[in-house]
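What follows is the content of structure.pdb (PDB, N, CA and C atoms, pLDDT in the B column).
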ATOM      1  N   MET A 135     -18.214 -12.144  -3.414  1.00 74.00           N
ATOM      2  CA  MET A 135     -17.376 -12.147  -2.243  1.00 74.00           C
ATOM      3  C   MET A 135     -16.070 -12.835  -2.591  1.00 74.00           C
ATOM      4  N   ILE A 136     -14.999 -12.246  -2.155  1.00 78.00           N
ATOM      5  CA  ILE A 136     -13.669 -12.830  -2.331  1.00 78.00           C
ATOM      6  C   ILE A 136     -13.180 -13.211  -0.938  1.00 78.00           C
ATOM      7  N   TRP A 137     -12.815 -14.453  -0.770  1.00 76.00           N
ATOM      8  CA  TRP A 137     -12.408 -14.930   0.543  1.00 76.00           C
ATOM      9  C   TRP A 137     -11.043 -15.585   0.441  1.00 76.00           C
ATOM     10  N   GLY A 138     -10.241 -15.426   1.484  1.00 75.00           N
ATOM     11  CA  GLY A 138      -8.981 -16.143   1.549  1.00 75.00           C
ATOM     12  C   GLY A 138      -7.757 -15.326   1.193  1.00 75.00           C
ATOM     13  N   PHE A 139      -7.767 -14.053   1.525  1.00 75.00           N
ATOM     14  CA  PHE A 139      -6.588 -13.230   1.290  1.00 75.00           C
ATOM     15  C   PHE A 139      -5.614 -13.442   2.454  1.00 75.00           C
ATOM     16  N   PHE A 140      -4.702 -14.381   2.282  1.00 75.00           N
ATOM     17  CA  PHE A 140      -3.711 -14.705   3.301  1.00 75.00           C
ATOM     18  C   PHE A 140      -2.321 -14.565   2.703  1.00 75.00           C
ATOM     19  N   ALA A 141      -1.386 -14.077   3.498  1.00 74.00           N
ATOM     20  CA  ALA A 141      -0.030 -13.820   3.015  1.00 74.00           C
ATOM     21  C   ALA A 141       0.666 -15.079   2.519  1.00 74.00           C
ATOM     22  N   ASP A 142       0.298 -16.231   3.050  1.00 79.00           N
ATOM     23  CA  ASP A 142       0.961 -17.463   2.621  1.00 79.00           C
ATOM     24  C   ASP A 142       0.379 -18.023   1.321  1.00 79.00           C
ATOM     25  N   ARG A 143      -0.651 -17.384   0.796  1.00 81.00           N
ATOM     26  CA  ARG A 143      -1.296 -17.874  -0.434  1.00 81.00           C
ATOM     27  C   ARG A 143      -0.824 -17.130  -1.684  1.00 81.00           C
ATOM     28  N   PHE A 144      -0.670 -15.807  -1.561  1.00 79.00           N
ATOM     29  CA  PHE A 144      -0.155 -15.021  -2.684  1.00 79.00           C
ATOM     30  C   PHE A 144       0.303 -13.663  -2.189  1.00 79.00           C
ATOM     31  N   SER A 145       1.010 -12.957  -3.063  1.00 86.00           N
ATOM     32  CA  SER A 145       1.600 -11.668  -2.686  1.00 86.00           C
ATOM     33  C   SER A 145       0.551 -10.561  -2.652  1.00 86.00           C
ATOM     34  N   THR A 146       0.921  -9.441  -2.040  1.00 87.00           N
ATOM     35  CA  THR A 146       0.015  -8.290  -2.027  1.00 87.00           C
ATOM     36  C   THR A 146      -0.194  -7.753  -3.438  1.00 87.00           C
ATOM     37  N   ASN A 147       0.808  -7.879  -4.308  1.00 92.00           N
ATOM     38  CA  ASN A 147       0.642  -7.424  -5.694  1.00 92.00           C
ATOM     39  C   ASN A 147      -0.475  -8.180  -6.393  1.00 92.00           C
ATOM     40  N   VAL A 148      -0.523  -9.490  -6.207  1.00 91.00           N
ATOM     41  CA  VAL A 148      -1.582 -10.301  -6.806  1.00 91.00           C
ATOM     42  C   VAL A 148      -2.934  -9.916  -6.198  1.00 91.00           C
ATOM     43  N   ALA A 149      -2.972  -9.707  -4.892  1.00 89.00           N
ATOM     44  CA  ALA A 149      -4.215  -9.314  -4.236  1.00 89.00           C
ATOM     45  C   ALA A 149      -4.731  -7.990  -4.803  1.00 89.00           C
ATOM     46  N   HIS A 150      -3.846  -7.015  -4.994  1.00 92.00           N
ATOM     47  CA  HIS A 150      -4.253  -5.734  -5.576  1.00 92.00           C
ATOM     48  C   HIS A 150      -4.747  -5.918  -7.017  1.00 92.00           C
ATOM     49  N   GLN A 151      -4.127  -6.808  -7.770  1.00 93.00           N
ATOM     50  CA  GLN A 151      -4.566  -7.062  -9.138  1.00 93.00           C
ATOM     51  C   GLN A 151      -5.970  -7.649  -9.166  1.00 93.00           C
ATOM     52  N   ILE A 152      -6.265  -8.543  -8.245  1.00 90.00           N
ATOM     53  CA  ILE A 152      -7.611  -9.127  -8.172  1.00 90.00           C
ATOM     54  C   ILE A 152      -8.632  -8.053  -7.861  1.00 90.00           C
ATOM     55  N   ILE A 153      -8.337  -7.208  -6.884  1.00 91.00           N
ATOM     56  CA  ILE A 153      -9.256  -6.133  -6.511  1.00 91.00           C
ATOM     57  C   ILE A 153      -9.415  -5.151  -7.669  1.00 91.00           C
ATOM     58  N   ASP A 154      -8.303  -4.782  -8.312  1.00 92.00           N
ATOM     59  CA  ASP A 154      -8.361  -3.858  -9.454  1.00 92.00           C
ATOM     60  C   ASP A 154      -9.246  -4.405 -10.564  1.00 92.00           C
ATOM     61  N   PHE A 155      -9.193  -5.713 -10.794  1.00 90.00           N
ATOM     62  CA  PHE A 155      -9.984  -6.338 -11.842  1.00 90.00           C
ATOM     63  C   PHE A 155     -11.467  -6.007 -11.651  1.00 90.00           C
ATOM     64  N   PHE A 156     -11.950  -6.107 -10.439  1.00 88.00           N
ATOM     65  CA  PHE A 156     -13.364  -5.842 -10.172  1.00 88.00           C
ATOM     66  C   PHE A 156     -13.683  -4.362 -10.008  1.00 88.00           C
ATOM     67  N   LYS A 157     -12.783  -3.609  -9.403  1.00 87.00           N
ATOM     68  CA  LYS A 157     -13.081  -2.208  -9.107  1.00 87.00           C
ATOM     69  C   LYS A 157     -12.916  -1.287 -10.315  1.00 87.00           C
ATOM     70  N   THR A 158     -12.114  -1.666 -11.282  1.00 88.00           N
ATOM     71  CA  THR A 158     -11.865  -0.775 -12.416  1.00 88.00           C
ATOM     72  C   THR A 158     -12.682  -1.135 -13.648  1.00 88.00           C
ATOM     73  N   ASN A 159     -13.370  -2.254 -13.623  1.00 83.00           N
ATOM     74  CA  ASN A 159     -14.175  -2.667 -14.762  1.00 83.00           C
ATOM     75  C   ASN A 159     -15.626  -2.253 -14.515  1.00 83.00           C
ATOM     76  N   ALA A 160     -16.063  -1.225 -15.197  1.00 80.00           N
ATOM     77  CA  ALA A 160     -17.400  -0.662 -14.972  1.00 80.00           C
ATOM     78  C   ALA A 160     -18.518  -1.657 -15.272  1.00 80.00           C
ATOM     79  N   SER A 161     -18.253  -2.669 -16.061  1.00 83.00           N
ATOM     80  CA  SER A 161     -19.318  -3.618 -16.395  1.00 83.00           C
ATOM     81  C   SER A 161     -19.713  -4.490 -15.202  1.00 83.00           C
ATOM     82  N   TYR A 162     -18.854  -4.580 -14.192  1.00 76.00           N
ATOM     83  CA  TYR A 162     -19.185  -5.389 -13.021  1.00 76.00           C
ATOM     84  C   TYR A 162     -20.048  -4.628 -12.026  1.00 76.00           C
ATOM     85  N   GLY A 163     -19.724  -3.385 -11.717  1.00 79.00           N
ATOM     86  CA  GLY A 163     -20.508  -2.586 -10.789  1.00 79.00           C
ATOM     87  C   GLY A 163     -20.738  -3.284  -9.462  1.00 79.00           C
ATOM     88  N   VAL A 164     -19.681  -3.769  -8.846  1.00 85.00           N
ATOM     89  CA  VAL A 164     -19.813  -4.589  -7.651  1.00 85.00           C
ATOM     90  C   VAL A 164     -19.599  -3.787  -6.368  1.00 85.00           C
ATOM     91  N   THR A 165     -20.155  -4.308  -5.296  1.00 88.00           N
ATOM     92  CA  THR A 165     -19.738  -3.950  -3.950  1.00 88.00           C
ATOM     93  C   THR A 165     -18.812  -5.078  -3.552  1.00 88.00           C
ATOM     94  N   LEU A 166     -17.554  -4.762  -3.426  1.00 88.00           N
ATOM     95  CA  LEU A 166     -16.550  -5.807  -3.238  1.00 88.00           C
ATOM     96  C   LEU A 166     -16.424  -6.168  -1.764  1.00 88.00           C
ATOM     97  N   VAL A 167     -16.781  -7.407  -1.459  1.00 88.00           N
ATOM     98  CA  VAL A 167     -16.720  -7.930  -0.100  1.00 88.00           C
ATOM     99  C   VAL A 167     -15.583  -8.943  -0.050  1.00 88.00           C
ATOM    100  N   GLY A 168     -14.716  -8.795   0.926  1.00 83.00           N
ATOM    101  CA  GLY A 168     -13.593  -9.705   1.052  1.00 83.00           C
ATOM    102  C   GLY A 168     -13.461 -10.237   2.455  1.00 83.00           C
ATOM    103  N   GLY A 169     -12.668 -11.270   2.584  1.00 79.00           N
ATOM    104  CA  GLY A 169     -12.446 -11.853   3.891  1.00 79.00           C
ATOM    105  C   GLY A 169     -11.077 -12.455   4.011  1.00 79.00           C
ATOM    106  N   GLY A 170     -10.630 -12.589   5.229  1.00 76.00           N
ATOM    107  CA  GLY A 170      -9.322 -13.174   5.481  1.00 76.00           C
ATOM    108  C   GLY A 170      -8.998 -13.128   6.958  1.00 76.00           C
ATOM    109  N   GLU A 171      -7.792 -12.767   7.256  1.00 74.00           N
ATOM    110  CA  GLU A 171      -7.269 -12.806   8.616  1.00 74.00           C
ATOM    111  C   GLU A 171      -8.036 -11.895   9.571  1.00 74.00           C
ATOM    112  N   TRP A 172      -8.293 -12.384  10.788  1.00 75.00           N
ATOM    113  CA  TRP A 172      -9.034 -11.587  11.762  1.00 75.00           C
ATOM    114  C   TRP A 172      -8.154 -10.503  12.373  1.00 75.00           C
ATOM    115  N   TRP A 173      -6.855 -10.668  12.305  1.00 74.00           N
ATOM    116  CA  TRP A 173      -5.937  -9.679  12.890  1.00 74.00           C
ATOM    117  C   TRP A 173      -5.440  -8.672  11.848  1.00 74.00           C
ATOM    118  N   TRP A 174      -6.240  -8.445  10.833  1.00 72.00           N
ATOM    119  CA  TRP A 174      -5.826  -7.652   9.685  1.00 72.00           C
ATOM    120  C   TRP A 174      -5.355  -6.251  10.042  1.00 72.00           C
ATOM    121  N   ARG A 175      -5.906  -5.635  11.066  1.00 72.00           N
ATOM    122  CA  ARG A 175      -5.512  -4.256  11.406  1.00 72.00           C
ATOM    123  C   ARG A 175      -4.087  -4.154  11.911  1.00 72.00           C
ATOM    124  N   THR A 176      -3.557  -5.211  12.461  1.00 77.00           N
ATOM    125  CA  THR A 176      -2.195  -5.182  12.995  1.00 77.00           C
ATOM    126  C   THR A 176      -1.201  -5.896  12.089  1.00 77.00           C
ATOM    127  N   ASP A 177      -1.633  -6.296  10.914  1.00 72.00           N
ATOM    128  CA  ASP A 177      -0.774  -7.009   9.981  1.00 72.00           C
ATOM    129  C   ASP A 177       0.393  -6.121   9.559  1.00 72.00           C
ATOM    130  N   THR A 178       1.587  -6.663   9.590  1.00 70.00           N
ATOM    131  CA  THR A 178       2.781  -5.902   9.224  1.00 70.00           C
ATOM    132  C   THR A 178       3.290  -6.255   7.829  1.00 70.00           C
ATOM    133  N   ARG A 179       2.570  -7.125   7.132  1.00 70.00           N
ATOM    134  CA  ARG A 179       3.022  -7.563   5.806  1.00 70.00           C
ATOM    135  C   ARG A 179       2.305  -6.828   4.680  1.00 70.00           C
ATOM    136  N   ARG A 180       1.708  -5.708   4.975  1.00 77.00           N
ATOM    137  CA  ARG A 180       1.043  -4.841   4.008  1.00 77.00           C
ATOM    138  C   ARG A 180      -0.292  -5.391   3.524  1.00 77.00           C
ATOM    139  N   LEU A 181      -0.768  -6.470   4.099  1.00 80.00           N
ATOM    140  CA  LEU A 181      -2.087  -6.960   3.721  1.00 80.00           C
ATOM    141  C   LEU A 181      -3.194  -6.040   4.220  1.00 80.00           C
ATOM    142  N   ALA A 182      -2.945  -5.315   5.295  1.00 81.00           N
ATOM    143  CA  ALA A 182      -3.952  -4.376   5.795  1.00 81.00           C
ATOM    144  C   ALA A 182      -4.301  -3.360   4.708  1.00 81.00           C
ATOM    145  N   ASP A 183      -3.319  -2.953   3.907  1.00 85.00           N
ATOM    146  CA  ASP A 183      -3.580  -2.030   2.791  1.00 85.00           C
ATOM    147  C   ASP A 183      -4.509  -2.667   1.767  1.00 85.00           C
ATOM    148  N   VAL A 184      -4.346  -3.948   1.548  1.00 86.00           N
ATOM    149  CA  VAL A 184      -5.211  -4.683   0.616  1.00 86.00           C
ATOM    150  C   VAL A 184      -6.631  -4.721   1.175  1.00 86.00           C
ATOM    151  N   PHE A 185      -6.761  -5.094   2.440  1.00 85.00           N
ATOM    152  CA  PHE A 185      -8.083  -5.239   3.055  1.00 85.00           C
ATOM    153  C   PHE A 185      -8.856  -3.934   3.090  1.00 85.00           C
ATOM    154  N   ARG A 186      -8.169  -2.823   3.243  1.00 87.00           N
ATOM    155  CA  ARG A 186      -8.833  -1.512   3.280  1.00 87.00           C
ATOM    156  C   ARG A 186      -9.443  -1.128   1.929  1.00 87.00           C
ATOM    157  N   ARG A 187      -9.061  -1.793   0.879  1.00 90.00           N
ATOM    158  CA  ARG A 187      -9.608  -1.498  -0.446  1.00 90.00           C
ATOM    159  C   ARG A 187     -10.967  -2.139  -0.686  1.00 90.00           C
ATOM    160  N   PHE A 188     -11.325  -3.133   0.124  1.00 89.00           N
ATOM    161  CA  PHE A 188     -12.646  -3.734   0.002  1.00 89.00           C
ATOM    162  C   PHE A 188     -13.708  -2.748   0.464  1.00 89.00           C
ATOM    163  N   ASP A 189     -14.883  -2.850  -0.111  1.00 91.00           N
ATOM    164  CA  ASP A 189     -16.009  -2.054   0.367  1.00 91.00           C
ATOM    165  C   ASP A 189     -16.495  -2.590   1.707  1.00 91.00           C
ATOM    166  N   VAL A 190     -16.413  -3.901   1.869  1.00 90.00           N
ATOM    167  CA  VAL A 190     -16.787  -4.577   3.112  1.00 90.00           C
ATOM    168  C   VAL A 190     -15.740  -5.651   3.357  1.00 90.00           C
ATOM    169  N   TYR A 191     -15.303  -5.784   4.612  1.00 85.00           N
ATOM    170  CA  TYR A 191     -14.336  -6.821   4.963  1.00 85.00           C
ATOM    171  C   TYR A 191     -14.890  -7.667   6.096  1.00 85.00           C
ATOM    172  N   SER A 192     -14.830  -8.979   5.928  1.00 83.00           N
ATOM    173  CA  SER A 192     -15.331  -9.911   6.934  1.00 83.00           C
ATOM    174  C   SER A 192     -14.170 -10.760   7.432  1.00 83.00           C
ATOM    175  N   PRO A 193     -13.647 -10.440   8.616  1.00 80.00           N
ATOM    176  CA  PRO A 193     -12.526 -11.222   9.122  1.00 80.00           C
ATOM    177  C   PRO A 193     -12.960 -12.599   9.591  1.00 80.00           C
ATOM    178  N   GLY A 194     -12.099 -13.577   9.385  1.00 74.00           N
ATOM    179  CA  GLY A 194     -12.377 -14.929   9.855  1.00 74.00           C
ATOM    180  C   GLY A 194     -12.251 -14.987  11.375  1.00 74.00           C
ATOM    181  N   THR A 195     -12.967 -15.904  11.993  1.00 67.00           N
ATOM    182  CA  THR A 195     -12.952 -16.002  13.449  1.00 67.00           C
ATOM    183  C   THR A 195     -12.460 -17.356  13.928  1.00 67.00           C
ATOM    184  N   TRP A 196     -11.688 -18.036  13.125  1.00 58.00           N
ATOM    185  CA  TRP A 196     -11.164 -19.336  13.494  1.00 58.00           C
ATOM    186  C   TRP A 196      -9.872 -19.158  14.274  1.00 58.00           C
ATOM    187  N   ALA A 197      -9.506 -20.125  15.045  1.00 49.00           N
ATOM    188  CA  ALA A 197      -8.258 -20.100  15.816  1.00 49.00           C
ATOM    189  C   ALA A 197      -7.113 -20.580  14.938  1.00 49.00           C
ATOM    190  N   MET A 198      -6.020 -19.897  15.009  1.00 50.00           N
ATOM    191  CA  MET A 198      -4.843 -20.282  14.227  1.00 50.00           C
ATOM    192  C   MET A 198      -3.755 -20.742  15.153  1.00 50.00           C
TER
END
Now, as a test, write the supplied structure out as structure tokens.
Amino acid sequence: MIWGFFADRFSTNVAHQIIDFFKTNASYGVTLVGGGEWWWRTDTRRLADVFRRFDVYSPGTWAM
């Protein structure tokens, strides 16, 4: 599980590189589960594109 994909932590390019690392390496054979912002569907900073690449996404439910 990868948790903590937030725009203030790193760029979408870095997020895609992390996902690519696991999804393109056949030796891992993972179901990639990620988590981050609960409002991911309405995100305007392109993080929604990152989140859609996970096999499973678990949004956080904390108040910001």
field: Nearest to A:Trp172 by atom-to-atom distance, counting only C-alpha atoms, from A:Phe188, A:Phe144, A:Phe155, A:Phe139
entry: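 Using only C-alpha atoms, the shortest distance to A:Trp172 belongs to A:Phe139.
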message: Just to confirm, what's the straight-line distance from atom N of A:Asp177 to atom CA of A:Asp189 in Å (one decimal)?
response: 18.3 Å
query: Got a sec: who's within 7 Å of A:Val184, counting all atoms listed in the file, leaving out chain neighbours fewer than 4 positions off, as a PyMOL selection string?
result: chain A and resi 146+149-150+180+188
field: Between atom C of A:Asn147 and atom C of A:Thr176 - distance in Å to one decimal
entry: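 Those two atoms sit 18.6 Å apart.
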query: How would you write, as a PyMOL selection string, the set of residues in stretch 136-180 of chain A that DSSP gives as strand (DSSP E or B)?
result: chain A and resi 136-139+167-170
task: Identify all residues satisfying the PyMOL selection byres ((chain A and resi 137) around 7) in the given file; provide them as a list in words.
output: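 Output from the PyMOL selection byres ((chain A and resi 137) around 7), applied to this file: Met135, Ile136, Gly138, Phe139, Phe140, Val167, Gly168, Gly169 and Gly170 of chain A.
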field: For A:Pro193, the nearest of the candidates A:Phe156, A:Glu171, A:Ser161, A:Arg179, counting only N, CA and C atoms
entry: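 Answer, going by the shortest atom-to-atom distance: A:Glu171.
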- request: Measure the distance from atom N of A:Gln151 to atom C of A:Gly194 in Å and round it to one decimal.
  value: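 We find that atom N of A:Gln151 and atom C of A:Gly194 lie 22.3 Å from each other.
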query: Closest to A:Tyr191 among A:Arg175, A:Val148, A:Leu166, A:Ile153, using all atoms listed in the file?
result: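 Between A:Arg175, A:Val148, A:Leu166, A:Ile153, the residue approaching A:Tyr191 most closely is A:Leu166.
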task: Would you please extract all helix (DSSP H, G or I) residues from chain A, as assigned by DSSP on the backbone, and give them as a PyMOL selection string?
output: chain A and resi 146-157+174-176+181-185
Kindly save the residues from that selection, with N, CA and C atoms included, as an mmCIF file, in the frame of the given file.
data_model
loop_
_atom_site.group_PDB
_atom_site.id
_atom_site.type_symbol
_atom_site.label_atom_id
_atom_site.label_comp_id
_atom_site.auth_asym_id
_atom_site.auth_seq_id
_atom_site.Cartn_x
_atom_site.Cartn_y
_atom_site.Cartn_z
ATOM 1 N N THR A 146 0.921 -9.441 -2.040
ATOM 2 C CA THR A 146 0.015 -8.290 -2.027
ATOM 3 C C THR A 146 -0.194 -7.753 -3.438
ATOM 4 N N ASN A 147 0.808 -7.879 -4.308
ATOM 5 C CA ASN A 147 0.642 -7.424 -5.694
ATOM 6 C C ASN A 147 -0.475 -8.180 -6.393
ATOM 7 N N VAL A 148 -0.523 -9.490 -6.207
ATOM 8 C CA VAL A 148 -1.582 -10.301 -6.806
ATOM 9 C C VAL A 148 -2.934 -9.916 -6.198
ATOM 10 N N ALA A 149 -2.972 -9.707 -4.892
ATOM 11 C CA ALA A 149 -4.215 -9.314 -4.236
ATOM 12 C C ALA A 149 -4.731 -7.990 -4.803
ATOM 13 N N HIS A 150 -3.846 -7.015 -4.994
ATOM 14 C CA HIS A 150 -4.253 -5.734 -5.576
ATOM 15 C C HIS A 150 -4.747 -5.918 -7.017
ATOM 16 N N GLN A 151 -4.127 -6.808 -7.770
ATOM 17 C CA GLN A 151 -4.566 -7.062 -9.138
ATOM 18 C C GLN A 151 -5.970 -7.649 -9.166
ATOM 19 N N ILE A 152 -6.265 -8.543 -8.245
ATOM 20 C CA ILE A 152 -7.611 -9.127 -8.172
ATOM 21 C C ILE A 152 -8.632 -8.053 -7.861
ATOM 22 N N ILE A 153 -8.337 -7.208 -6.884
ATOM 23 C CA ILE A 153 -9.256 -6.133 -6.511
ATOM 24 C C ILE A 153 -9.415 -5.151 -7.669
ATOM 25 N N ASP A 154 -8.303 -4.782 -8.312
ATOM 26 C CA ASP A 154 -8.361 -3.858 -9.454
ATOM 27 C C ASP A 154 -9.246 -4.405 -10.564
ATOM 28 N N PHE A 155 -9.193 -5.713 -10.794
ATOM 29 C CA PHE A 155 -9.984 -6.338 -11.842
ATOM 30 C C PHE A 155 -11.467 -6.007 -11.651
ATOM 31 N N PHE A 156 -11.950 -6.107 -10.439
ATOM 32 C CA PHE A 156 -13.364 -5.842 -10.172
ATOM 33 C C PHE A 156 -13.683 -4.362 -10.008
ATOM 34 N N LYS A 157 -12.783 -3.609 -9.403
ATOM 35 C CA LYS A 157 -13.081 -2.208 -9.107
ATOM 36 C C LYS A 157 -12.916 -1.287 -10.315
ATOM 37 N N TRP A 174 -6.240 -8.445 10.833
ATOM 38 C CA TRP A 174 -5.826 -7.652 9.685
ATOM 39 C C TRP A 174 -5.355 -6.251 10.042
ATOM 40 N N ARG A 175 -5.906 -5.635 11.066
ATOM 41 C CA ARG A 175 -5.512 -4.256 11.406
ATOM 42 C C ARG A 175 -4.087 -4.154 11.911
ATOM 43 N N THR A 176 -3.557 -5.211 12.461
ATOM 44 C CA THR A 176 -2.195 -5.182 12.995
ATOM 45 C C THR A 176 -1.201 -5.896 12.089
ATOM 46 N N LEU A 181 -0.768 -6.470 4.099
ATOM 47 C CA LEU A 181 -2.087 -6.960 3.721
ATOM 48 C C LEU A 181 -3.194 -6.040 4.220
ATOM 49 N N ALA A 182 -2.945 -5.315 5.295
ATOM 50 C CA ALA A 182 -3.952 -4.376 5.795
ATOM 51 C C ALA A 182 -4.301 -3.360 4.708
ATOM 52 N N ASP A 183 -3.319 -2.953 3.907
ATOM 53 C CA ASP A 183 -3.580 -2.030 2.791
ATOM 54 C C ASP A 183 -4.509 -2.667 1.767
ATOM 55 N N VAL A 184 -4.346 -3.948 1.548
ATOM 56 C CA VAL A 184 -5.211 -4.683 0.616
ATOM 57 C C VAL A 184 -6.631 -4.721 1.175
ATOM 58 N N PHE A 185 -6.761 -5.094 2.440
ATOM 59 C CA PHE A 185 -8.083 -5.239 3.055
ATOM 60 C C PHE A 185 -8.856 -3.934 3.090
#
